[in-house]
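Enquirer: I am sharing coords-v2.pdb, which consists of PDB, C-alpha atoms, pLDDT in the B column:
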```pdb
MODEL        1
ATOM      1  CA  MET C   2      73.093 107.090 119.631  1.00 43.00           C
ATOM      2  CA  THR C   3      70.284 106.205 117.221  1.00 42.00           C
ATOM      3  CA  ARG C   4      72.458 107.183 114.256  1.00 42.00           C
ATOM      4  CA  ALA C   5      75.306 104.957 115.515  1.00 40.00           C
ATOM      5  CA  LEU C   6      72.930 102.047 116.078  1.00 36.00           C
ATOM      6  CA  SER C   7      71.412 102.512 112.619  1.00 40.00           C
ATOM      7  CA  LEU C   8      74.884 102.564 111.061  1.00 39.00           C
ATOM      8  CA  ALA C   9      75.862  99.399 112.935  1.00 41.00           C
ATOM      9  CA  VAL C  10      72.700  97.572 111.799  1.00 38.00           C
ATOM     10  CA  LEU C  11      73.211  98.744 108.208  1.00 40.00           C
ATOM     11  CA  LEU C  12      76.845  97.622 108.149  1.00 43.00           C
ATOM     12  CA  PHE C  13      76.023  94.269 109.759  1.00 43.00           C
ATOM     13  CA  THR C  14      73.182  93.638 107.304  1.00 41.00           C
ATOM     14  CA  SER C  15      75.394  94.711 104.418  1.00 45.00           C
ATOM     15  CA  ALA C  16      78.152  92.376 105.586  1.00 44.00           C
ATOM     16  CA  LEU C  17      75.739  89.457 105.707  1.00 41.00           C
ATOM     17  CA  ALA C  18      74.462  90.272 102.233  1.00 43.00           C
ATOM     18  CA  HIS C  19      77.987  90.460 100.849  1.00 43.00           C
ATOM     19  CA  ALA C  20      79.142  87.318 102.677  1.00 42.00           C
ATOM     20  CA  GLY C  21      77.371  85.092 100.110  1.00 44.00           C
ATOM     21  CA  SER C  22      80.492  84.662  97.996  1.00 92.00           C
ATOM     22  CA  TYR C  23      82.678  83.455 100.859  1.00 96.00           C
ATOM     23  CA  THR C  24      82.308  79.689 100.857  1.00 96.00           C
ATOM     24  CA  GLN C  25      82.797  76.859 103.289  1.00 96.00           C
ATOM     25  CA  SER C  26      85.410  75.514 100.886  1.00 96.00           C
ATOM     26  CA  MET C  27      87.405  78.753 101.212  1.00 97.00           C
ATOM     27  CA  PHE C  28      87.082  78.549 104.995  1.00 98.00           C
ATOM     28  CA  ARG C  29      88.338  74.944 105.049  1.00 97.00           C
ATOM     29  CA  ALA C  30      91.280  75.803 102.794  1.00 97.00           C
ATOM     30  CA  ALA C  31      92.227  78.732 105.032  1.00 98.00           C
ATOM     31  CA  LEU C  32      92.194  76.507 108.117  1.00 98.00           C
ATOM     32  CA  ALA C  33      94.339  73.912 106.325  1.00 97.00           C
ATOM     33  CA  ASN C  34      97.028  76.492 105.488  1.00 96.00           C
ATOM     34  CA  ASN C  35      99.648  76.001 108.199  1.00 92.00           C
ATOM     35  CA  SER C  36     102.260  78.182 106.520  1.00 93.00           C
ATOM     36  CA  THR C  37     103.801  81.400 107.779  1.00 93.00           C
ATOM     37  CA  ALA C  38     101.563  83.215 105.268  1.00 94.00           C
ATOM     38  CA  PRO C  39      98.144  82.497 106.813  1.00 96.00           C
ATOM     39  CA  ASP C  40      94.887  82.918 104.955  1.00 98.00           C
ATOM     40  CA  TYR C  41      92.176  85.221 106.232  1.00 97.00           C
ATOM     41  CA  VAL C  42      88.800  83.886 107.364  1.00 98.00           C
ATOM     42  CA  LEU C  43      85.453  85.608 107.590  1.00 97.00           C
ATOM     43  CA  ILE C  44      83.470  84.561 110.666  1.00 98.00           C
ATOM     44  CA  GLN C  45      80.478  85.742 112.643  1.00 96.00           C
ATOM     45  CA  VAL C  46      81.295  86.338 116.302  1.00 96.00           C
ATOM     46  CA  ARG C  47      78.676  86.493 119.002  1.00 90.00           C
ATOM     47  CA  GLY C  48      79.600  88.186 122.220  1.00 80.00           C
ATOM     48  CA  PRO C  49      79.386  86.439 125.577  1.00 81.00           C
ATOM     49  CA  ASP C  50      75.981  88.059 126.147  1.00 79.00           C
ATOM     50  CA  ASP C  51      74.648  86.353 122.963  1.00 72.00           C
ATOM     51  CA  ARG C  52      73.153  89.696 121.904  1.00 77.00           C
ATOM     52  CA  THR C  53      76.065  91.228 120.033  1.00 81.00           C
ATOM     53  CA  ASN C  54      76.971  89.895 116.614  1.00 90.00           C
ATOM     54  CA  ARG C  55      79.674  91.075 114.270  1.00 92.00           C
ATOM     55  CA  ILE C  56      81.433  89.840 111.187  1.00 95.00           C
ATOM     56  CA  VAL C  57      85.161  89.493 111.844  1.00 96.00           C
ATOM     57  CA  CYS C  58      87.920  89.141 109.293  1.00 97.00           C
ATOM     58  CA  THR C  59      91.113  87.773 110.816  1.00 97.00           C
ATOM     59  CA  THR C  60      93.842  85.337 109.887  1.00 97.00           C
ATOM     60  CA  ALA C  61      93.089  81.647 110.351  1.00 98.00           C
ATOM     61  CA  ASN C  62      95.943  81.211 112.816  1.00 96.00           C
ATOM     62  CA  LEU C  63      94.601  83.981 115.081  1.00 97.00           C
ATOM     63  CA  PHE C  64      91.084  82.543 114.822  1.00 98.00           C
ATOM     64  CA  LEU C  65      92.342  79.072 115.758  1.00 98.00           C
ATOM     65  CA  GLY C  66      94.321  80.644 118.593  1.00 98.00           C
ATOM     66  CA  ALA C  67      91.070  82.145 119.882  1.00 98.00           C
ATOM     67  CA  ILE C  68      89.545  78.665 119.880  1.00 98.00           C
ATOM     68  CA  HIS C  69      92.579  77.345 121.782  1.00 98.00           C
ATOM     69  CA  ARG C  70      92.071  80.040 124.406  1.00 98.00           C
ATOM     70  CA  GLU C  71      88.300  79.588 124.618  1.00 97.00           C
ATOM     71  CA  TYR C  72      88.558  75.812 125.086  1.00 98.00           C
ATOM     72  CA  ASN C  73      91.810  75.748 127.110  1.00 98.00           C
ATOM     73  CA  LEU C  74      93.577  73.717 124.428  1.00 98.00           C
ATOM     74  CA  GLY C  75      97.313  73.268 124.319  1.00 97.00           C
ATOM     75  CA  TYR C  76      99.370  73.191 121.161  1.00 94.00           C
ATOM     76  CA  SER C  77      99.994  69.482 120.785  1.00 97.00           C
ATOM     77  CA  GLU C  78      99.144  67.968 117.421  1.00 96.00           C
ATOM     78  CA  ALA C  79      95.963  66.500 118.935  1.00 98.00           C
ATOM     79  CA  ASP C  80      94.889  69.863 120.387  1.00 98.00           C
ATOM     80  CA  GLU C  81      95.600  71.655 117.103  1.00 97.00           C
ATOM     81  CA  GLN C  82      93.427  69.100 115.306  1.00 97.00           C
ATOM     82  CA  ARG C  83      90.730  69.553 117.960  1.00 98.00           C
ATOM     83  CA  ALA C  84      90.702  73.333 117.346  1.00 98.00           C
ATOM     84  CA  VAL C  85      90.179  72.761 113.614  1.00 98.00           C
ATOM     85  CA  GLU C  86      87.384  70.276 114.341  1.00 98.00           C
ATOM     86  CA  ILE C  87      85.653  72.818 116.588  1.00 98.00           C
ATOM     87  CA  ALA C  88      85.933  75.444 113.826  1.00 98.00           C
ATOM     88  CA  LEU C  89      84.531  73.112 111.172  1.00 98.00           C
ATOM     89  CA  LYS C  90      81.549  72.049 113.310  1.00 97.00           C
ATOM     90  CA  GLN C  91      79.971  75.451 112.671  1.00 93.00           C
ATOM     91  CA  PRO C  92      78.764  75.289 109.062  1.00 84.00           C
ATOM     92  CA  ASP C  93      77.564  78.898 109.277  1.00 93.00           C
ATOM     93  CA  ARG C  94      80.977  79.998 110.673  1.00 97.00           C
ATOM     94  CA  SER C  95      79.271  81.536 113.708  1.00 95.00           C
ATOM     95  CA  PHE C  96      81.131  81.418 117.015  1.00 96.00           C
ATOM     96  CA  THR C  97      80.571  82.593 120.569  1.00 94.00           C
ATOM     97  CA  PHE C  98      83.610  83.500 122.631  1.00 94.00           C
ATOM     98  CA  HIS C  99      83.233  84.104 126.357  1.00 93.00           C
ATOM     99  CA  LYS C 100      86.845  84.593 127.348  1.00 93.00           C
ATOM    100  CA  LYS C 101      88.449  87.988 126.877  1.00 92.00           C
ATOM    101  CA  ALA C 102      91.741  86.337 125.860  1.00 95.00           C
ATOM    102  CA  ALA C 103      89.950  84.504 123.057  1.00 96.00           C
ATOM    103  CA  ILE C 104      88.181  87.646 121.825  1.00 93.00           C
ATOM    104  CA  ASP C 105      91.417  89.650 122.003  1.00 94.00           C
ATOM    105  CA  ASN C 106      93.223  86.982 119.967  1.00 96.00           C
ATOM    106  CA  LEU C 107      90.991  87.709 116.964  1.00 95.00           C
ATOM    107  CA  ALA C 108      92.912  90.988 116.464  1.00 88.00           C
ATOM    108  CA  ASP C 109      89.956  92.718 114.819  1.00 88.00           C
ATOM    109  CA  TYR C 110      91.426  96.016 113.573  1.00 93.00           C
ATOM    110  CA  GLU C 111      88.882  96.701 110.837  1.00 94.00           C
ATOM    111  CA  THR C 112      86.654  99.761 111.155  1.00 95.00           C
ATOM    112  CA  PRO C 113      83.216 100.232 109.554  1.00 96.00           C
ATOM    113  CA  GLU C 114      84.538 103.337 107.781  1.00 97.00           C
ATOM    114  CA  ALA C 115      87.525 101.508 106.278  1.00 97.00           C
ATOM    115  CA  LEU C 116      85.323  98.616 105.106  1.00 98.00           C
ATOM    116  CA  ALA C 117      82.816 100.999 103.498  1.00 98.00           C
ATOM    117  CA  ASP C 118      85.652 102.863 101.753  1.00 97.00           C
ATOM    118  CA  VAL C 119      87.232  99.640 100.464  1.00 98.00           C
ATOM    119  CA  ARG C 120      83.877  98.381  99.196  1.00 98.00           C
ATOM    120  CA  ARG C 121      83.479 101.653  97.288  1.00 98.00           C
ATOM    121  CA  GLN C 122      86.960 101.238  95.784  1.00 97.00           C
ATOM    122  CA  PHE C 123      86.114  97.662  94.742  1.00 97.00           C
ATOM    123  CA  GLU C 124      82.878  98.691  92.977  1.00 96.00           C
ATOM    124  CA  GLY C 125      83.052  98.008  89.253  1.00 95.00           C
ATOM    125  CA  LYS C 126      86.370  96.132  89.540  1.00 96.00           C
ATOM    126  CA  THR C 127      86.733  92.735  87.913  1.00 95.00           C
ATOM    127  CA  ASP C 128      88.112  89.803  89.845  1.00 95.00           C
ATOM    128  CA  SER C 129      91.330  89.972  87.819  1.00 95.00           C
ATOM    129  CA  GLU C 130      91.745  93.616  88.841  1.00 96.00           C
ATOM    130  CA  LEU C 131      91.211  92.645  92.470  1.00 96.00           C
ATOM    131  CA  LEU C 132      93.841  89.911  92.152  1.00 96.00           C
ATOM    132  CA  ALA C 133      96.434  92.507  91.113  1.00 95.00           C
ATOM    133  CA  ARG C 134      98.721  92.905  94.112  1.00 92.00           C
ATOM    134  CA  ASP C 135      99.689  96.471  93.124  1.00 94.00           C
ATOM    135  CA  PHE C 136      96.060  97.612  93.293  1.00 96.00           C
ATOM    136  CA  ILE C 137      95.539  95.912  96.651  1.00 95.00           C
ATOM    137  CA  GLN C 138      98.724  97.391  98.100  1.00 93.00           C
ATOM    138  CA  SER C 139      97.771 100.872  96.879  1.00 94.00           C
ATOM    139  CA  ILE C 140      94.804 100.797  99.261  1.00 94.00           C
ATOM    140  CA  THR C 141      96.765  99.842 102.370  1.00 89.00           C
ATOM    141  CA  SER C 142     100.185 101.409 101.896  1.00 86.00           C
ATOM    142  CA  LYS C 143     101.292 104.873 103.011  1.00 84.00           C
ATOM    143  CA  ARG C 144      98.850 105.044 105.902  1.00 88.00           C
ATOM    144  CA  PRO C 145      99.606 105.556 109.588  1.00 88.00           C
ATOM    145  CA  ASP C 146      99.876 102.291 111.526  1.00 85.00           C
ATOM    146  CA  SER C 147      96.336 102.100 112.945  1.00 84.00           C
ATOM    147  CA  ALA C 148      94.754 103.116 109.622  1.00 93.00           C
ATOM    148  CA  HIS C 149      97.019 100.667 107.793  1.00 92.00           C
ATOM    149  CA  ARG C 150      95.783  97.783 109.961  1.00 93.00           C
ATOM    150  CA  ALA C 151      92.145  98.870 109.578  1.00 95.00           C
ATOM    151  CA  TYR C 152      92.472  99.030 105.795  1.00 96.00           C
ATOM    152  CA  ARG C 153      94.499  95.810 105.578  1.00 95.00           C
ATOM    153  CA  GLU C 154      91.718  93.912 107.371  1.00 96.00           C
ATOM    154  CA  ALA C 155      88.991  95.718 105.400  1.00 97.00           C
ATOM    155  CA  VAL C 156      90.652  94.801 102.080  1.00 97.00           C
ATOM    156  CA  ALA C 157      90.911  91.155 103.151  1.00 97.00           C
ATOM    157  CA  HIS C 158      87.255  91.253 104.252  1.00 98.00           C
ATOM    158  CA  ALA C 159      86.044  92.748 100.968  1.00 98.00           C
ATOM    159  CA  LEU C 160      88.120  90.268  98.937  1.00 98.00           C
ATOM    160  CA  LEU C 161      86.597  87.350 100.815  1.00 98.00           C
ATOM    161  CA  GLU C 162      83.118  88.775 100.232  1.00 97.00           C
ATOM    162  CA  ARG C 163      83.885  88.662  96.518  1.00 97.00           C
ATOM    163  CA  GLY C 164      84.988  85.023  96.757  1.00 97.00           C
ATOM    164  CA  ILE C 165      88.697  85.853  96.440  1.00 97.00           C
ATOM    165  CA  GLY C 166      91.015  84.306  99.013  1.00 97.00           C
ATOM    166  CA  CYS C 167      93.566  86.466 100.763  1.00 97.00           C
ATOM    167  CA  LYS C 168      96.766  85.710 102.669  1.00 96.00           C
ATOM    168  CA  MET C 169      98.902  87.825 104.955  1.00 94.00           C
ATOM    169  CA  GLY C 170     102.507  88.123 103.779  1.00 89.00           C
ATOM    170  CA  ASP C 171     104.783  85.890 105.808  1.00 78.00           C
ATOM    171  CA  ILE C 172     107.594  88.364 106.478  1.00 70.00           C
ATOM    172  CA  ALA C 173     106.361  91.794 105.451  1.00 72.00           C
ATOM    173  CA  ASP C 174     102.952  93.204 106.282  1.00 75.00           C
ATOM    174  CA  TYR C 175     101.172  92.920 102.934  1.00 83.00           C
ATOM    175  CA  LEU C 176      98.230  91.065 101.411  1.00 92.00           C
ATOM    176  CA  ILE C 177      98.299  88.325  98.781  1.00 91.00           C
ATOM    177  CA  PRO C 178      94.968  87.888  96.978  1.00 93.00           C
ATOM    178  CA  HIS C 179      94.537  84.448  95.376  1.00 94.00           C
ATOM    179  CA  ARG C 180      92.099  81.977  93.858  1.00 86.00           C
TER
ENDMDL
END
```
Kindly return the structure encoded in the file as structure tokens.
Expert:
Amino acid sequence: MTRALSLAVLLFTSALAHAGSYTQSMFRAALANNSTAPDYVLIQVRGPDDRTNRIVCTTANLFLGAIHREYNLGYSEADEQRAVEIALKQPDRSFTFHKKAAIDNLADYETPEALADVRRQFEGKTDSELLARDFIQSITSKRPDSAHRAYREAVAHALLERGIGCKMGDIADYLIPHR
């Protein structure tokens, strides 16, 4: 139990330290992308008890969907704008969700092990190497479904930490790193 708690604290602290390159400008751009290839966002999520905190990497559309569920918003143009306004009111990108449906909508598949492995694979890589789609796909492809999702989210997370935007492919399940 102590080992697990220590690992969780270490990973959370590490995530906060690495999160310095993910900017509010990147967050705003991700929220503005209404395409079928949504950008990923990096947010801090507090649990309903206000004692649990975790960094979550999910697509902007799923994050906004969580806000819709938390605040009982519909999907009219006005309600969609309201969800974006709620998201942008948190300059530190820290959110508390009380409703299970909202938390579930974040689709947080990443595992601490996958994120640690991806960070190791990114060590020493230049930004141009990380923008190479072949390299990115080599990390996520040829894995069983659950591991694929964990690594896909971990790659997106690590890219955002480095200040590199990342989109989910609109038809196929792949990542598109971008500036």
Enquirer: What does the structure give for the distance between atom CA of Leu65 of chain C and atom CA of Gly170 of chain C, in Å to one decimal?
Expert: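 Answer for the atom CA of Leu65 of chain C to atom CA of Gly170 of chain C separation: 18.1 Å.
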Enquirer: Going by the chain IDs and residue numbers used in this file, which residues fall under the PyMOL selection byres ((chain C and resi 106) around 7)? Write them as a list in words.
Expert: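 This file, filtered by the PyMOL selection byres ((chain C and resi 106) around 7), leaves Leu63, Gly66, Ala67, Ala102, Ala103, Ile104, Asp105, Leu107 and Ala108 of chain C.
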Enquirer: Could you check which of C:Gln82, C:Thr59, C:Ser139, C:Gln25 is closest to Glu111 of chain C, using only C-alpha atoms?
Expert: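 Using only C-alpha atoms, Glu111 of chain C sits closest to C:Thr59.
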Enquirer: What is the distance, in Å and to one decimal place, between atom CA of Arg55 of chain C and atom CA of Ser95 of chain C?
Expert: 9.6 Å
Enquirer: On this structure, which residues satisfy the PyMOL selection byres ((chain C and resi 38-48) around 7), written as a ChimeraX atom specification?
Expert: /C:28,31,34-37,49-62,94-99,157-158,167-171
Enquirer: Of the candidates C:His69, C:Met27, C:Lys100, C:Lys90, which one gets nearest to His179 of chain C if we count only C-alpha atoms?
Expert: C:Met27
Enquirer: Just the number, please: distance in Å from atom CA of Ala88 of chain C to atom CA of Arg29 of chain C, one decimal.
Expert: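 It comes out at 9.1 Å.
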Enquirer: Excluding Phe123 of chain C and its own-chain neighbours fewer than 5 positions away, which residues fall within 10 Å of it when counting all atoms listed in the file? Please give them as an MDAnalysis selection string.
Expert: chainID C and resid 117:118 128 130:131 137 156 159:160 163
Enquirer: Keeping C-alpha atoms, export the residues of the selection given above as a JSON list (two decimals), keeping the file's coordinate frame.
Expert:
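As written to disk, result11.json reads:
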```json
[["chain", "number", "residue", "atom", "x", "y", "z"],
["C", 117, "ALA", "CA", 82.82, 101.00, 103.50],
["C", 118, "ASP", "CA", 85.65, 102.86, 101.75],
["C", 128, "ASP", "CA", 88.11, 89.80, 89.84],
["C", 130, "GLU", "CA", 91.74, 93.62, 88.84],
["C", 131, "LEU", "CA", 91.21, 92.64, 92.47],
["C", 137, "ILE", "CA", 95.54, 95.91, 96.65],
["C", 156, "VAL", "CA", 90.65, 94.80, 102.08],
["C", 159, "ALA", "CA", 86.04, 92.75, 100.97],
["C", 160, "LEU", "CA", 88.12, 90.27, 98.94],
["C", 163, "ARG", "CA", 83.88, 88.66, 96.52]]
```
Enquirer: Counting all atoms listed in the file, figure out which residue out of C:Thr112, C:Thr127, C:Ser142, C:Gln91 gets nearest to Gly164 of chain C.
Expert: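 Smallest separation from Gly164 of chain C among the options: C:Thr127.
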Enquirer: Starting from 3 Å padding per side, set up an axis-aligned box that covers all listed atoms of segment 139-146 of chain C and hand over centre and edge lengths in Å, one decimal, as AutoDock Vina command-line options.
Expert:
```
--center_x 98.0 --center_y 102.7 --center_z 104.2 --size_x 12.5 --size_y 11.7 --size_z 20.6
```
Enquirer: Restricting the calculation to only C-alpha atoms, which member of C:Ala115, C:Gly125, C:Asp109, C:Asp93 is positioned closest to Arg144 of chain C?
Expert: C:Ala115
Enquirer: Given the PyMOL selection byres ((chain C and resi 138) around 10) and the file above, list the residues it selects as number ranges by chain.
Expert: C: 133-137, 139-143, 153, 156, 175-177
Enquirer: Taking all atoms listed in the file into account, which of C:Leu116, C:Ala79, C:Leu74, C:Leu89 comes nearest Leu32 of chain C?
Expert: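 The closest residue to Leu32 of chain C is C:Leu89.
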Enquirer: Extract segment 69-95 of chain C from the coordinates I pasted, and write it as a JSON list (two decimals), in the first residue's frame (atoms kept: N, CA and C atoms).
Expert:
```json
[["chain", "number", "residue", "atom", "x", "y", "z"],
["C", 69, "HIS", "N", -20.62, 19.14, -20.13],
["C", 69, "HIS", "CA", -22.06, 19.09, -20.44],
["C", 69, "HIS", "C", -22.79, 18.22, -19.42],
["C", 70, "ARG", "N", -22.23, 17.08, -19.11],
["C", 70, "ARG", "CA", -22.87, 16.17, -18.17],
["C", 70, "ARG", "C", -22.87, 16.72, -16.74],
["C", 71, "GLU", "N", -21.76, 17.32, -16.35],
["C", 71, "GLU", "CA", -21.65, 17.86, -14.99],
["C", 71, "GLU", "C", -22.64, 19.00, -14.76],
["C", 72, "TYR", "N", -22.83, 19.84, -15.78],
["C", 72, "TYR", "CA", -23.67, 21.03, -15.64],
["C", 72, "TYR", "C", -25.06, 20.86, -16.28],
["C", 73, "ASN", "N", -25.41, 19.66, -16.68],
["C", 73, "ASN", "CA", -26.71, 19.38, -17.31],
["C", 73, "ASN", "C", -26.97, 20.28, -18.52],
["C", 74, "LEU", "N", -25.95, 20.45, -19.35],
["C", 74, "LEU", "CA", -26.10, 21.28, -20.54],
["C", 74, "LEU", "C", -26.59, 20.43, -21.70],
["C", 75, "GLY", "N", -27.35, 21.04, -22.57],
["C", 75, "GLY", "CA", -27.77, 20.38, -23.80],
["C", 75, "GLY", "C", -26.69, 20.57, -24.86],
["C", 76, "TYR", "N", -27.08, 20.40, -26.09],
["C", 76, "TYR", "CA", -26.10, 20.55, -27.18],
["C", 76, "TYR", "C", -26.53, 21.61, -28.19],
["C", 77, "SER", "N", -27.26, 22.59, -27.71],
["C", 77, "SER", "CA", -27.57, 23.75, -28.55],
["C", 77, "SER", "C", -26.28, 24.55, -28.73],
["C", 78, "GLU", "N", -26.29, 25.46, -29.66],
["C", 78, "GLU", "CA", -25.10, 26.30, -29.87],
["C", 78, "GLU", "C", -24.78, 27.08, -28.60],
["C", 79, "ALA", "N", -25.81, 27.58, -27.92],
["C", 79, "ALA", "CA", -25.60, 28.35, -26.69],
["C", 79, "ALA", "C", -24.99, 27.46, -25.59],
["C", 80, "ASP", "N", -25.49, 26.24, -25.46],
["C", 80, "ASP", "CA", -24.95, 25.34, -24.44],
["C", 80, "ASP", "C", -23.53, 24.89, -24.77],
["C", 81, "GLU", "N", -23.23, 24.70, -26.04],
["C", 81, "GLU", "CA", -21.85, 24.35, -26.42],
["C", 81, "GLU", "C", -20.91, 25.50, -26.09],
["C", 82, "GLN", "N", -21.35, 26.73, -26.35],
["C", 82, "GLN", "CA", -20.53, 27.89, -26.00],
["C", 82, "GLN", "C", -20.37, 28.00, -24.49],
["C", 83, "ARG", "N", -21.41, 27.70, -23.75],
["C", 83, "ARG", "CA", -21.36, 27.74, -22.29],
["C", 83, "ARG", "C", -20.34, 26.74, -21.76],
["C", 84, "ALA", "N", -20.29, 25.54, -22.34],
["C", 84, "ALA", "CA", -19.31, 24.53, -21.91],
["C", 84, "ALA", "C", -17.88, 25.04, -22.12],
["C", 85, "VAL", "N", -17.64, 25.67, -23.25],
["C", 85, "VAL", "CA", -16.30, 26.22, -23.52],
["C", 85, "VAL", "C", -15.98, 27.33, -22.52],
["C", 86, "GLU", "N", -16.94, 28.18, -22.23],
["C", 86, "GLU", "CA", -16.73, 29.25, -21.26],
["C", 86, "GLU", "C", -16.38, 28.69, -19.88],
["C", 87, "ILE", "N", -17.08, 27.65, -19.48],
["C", 87, "ILE", "CA", -16.79, 27.00, -18.19],
["C", 87, "ILE", "C", -15.35, 26.47, -18.20],
["C", 88, "ALA", "N", -14.95, 25.83, -19.28],
["C", 88, "ALA", "CA", -13.59, 25.28, -19.39],
["C", 88, "ALA", "C", -12.55, 26.39, -19.31],
["C", 89, "LEU", "N", -12.80, 27.50, -19.97],
["C", 89, "LEU", "CA", -11.81, 28.58, -20.02],
["C", 89, "LEU", "C", -11.74, 29.41, -18.75],
["C", 90, "LYS", "N", -12.73, 29.28, -17.87],
["C", 90, "LYS", "CA", -12.72, 30.03, -16.61],
["C", 90, "LYS", "C", -11.70, 29.47, -15.62],
["C", 91, "GLN", "N", -11.14, 28.33, -15.91],
["C", 91, "GLN", "CA", -10.15, 27.72, -15.02],
["C", 91, "GLN", "C", -8.76, 27.90, -15.61],
["C", 92, "PRO", "N", -8.08, 29.00, -15.30],
["C", 92, "PRO", "CA", -6.79, 29.25, -15.92],
["C", 92, "PRO", "C", -5.73, 28.19, -15.61],
["C", 93, "ASP", "N", -5.93, 27.46, -14.52],
["C", 93, "ASP", "CA", -4.98, 26.39, -14.17],
["C", 93, "ASP", "C", -5.43, 25.04, -14.72],
["C", 94, "ARG", "N", -6.53, 25.03, -15.46],
["C", 94, "ARG", "CA", -7.10, 23.81, -16.09],
["C", 94, "ARG", "C", -7.36, 22.73, -15.04],
["C", 95, "SER", "N", -7.90, 23.16, -13.91],
["C", 95, "SER", "CA", -8.22, 22.24, -12.81],
["C", 95, "SER", "C", -9.73, 22.20, -12.64]]
```
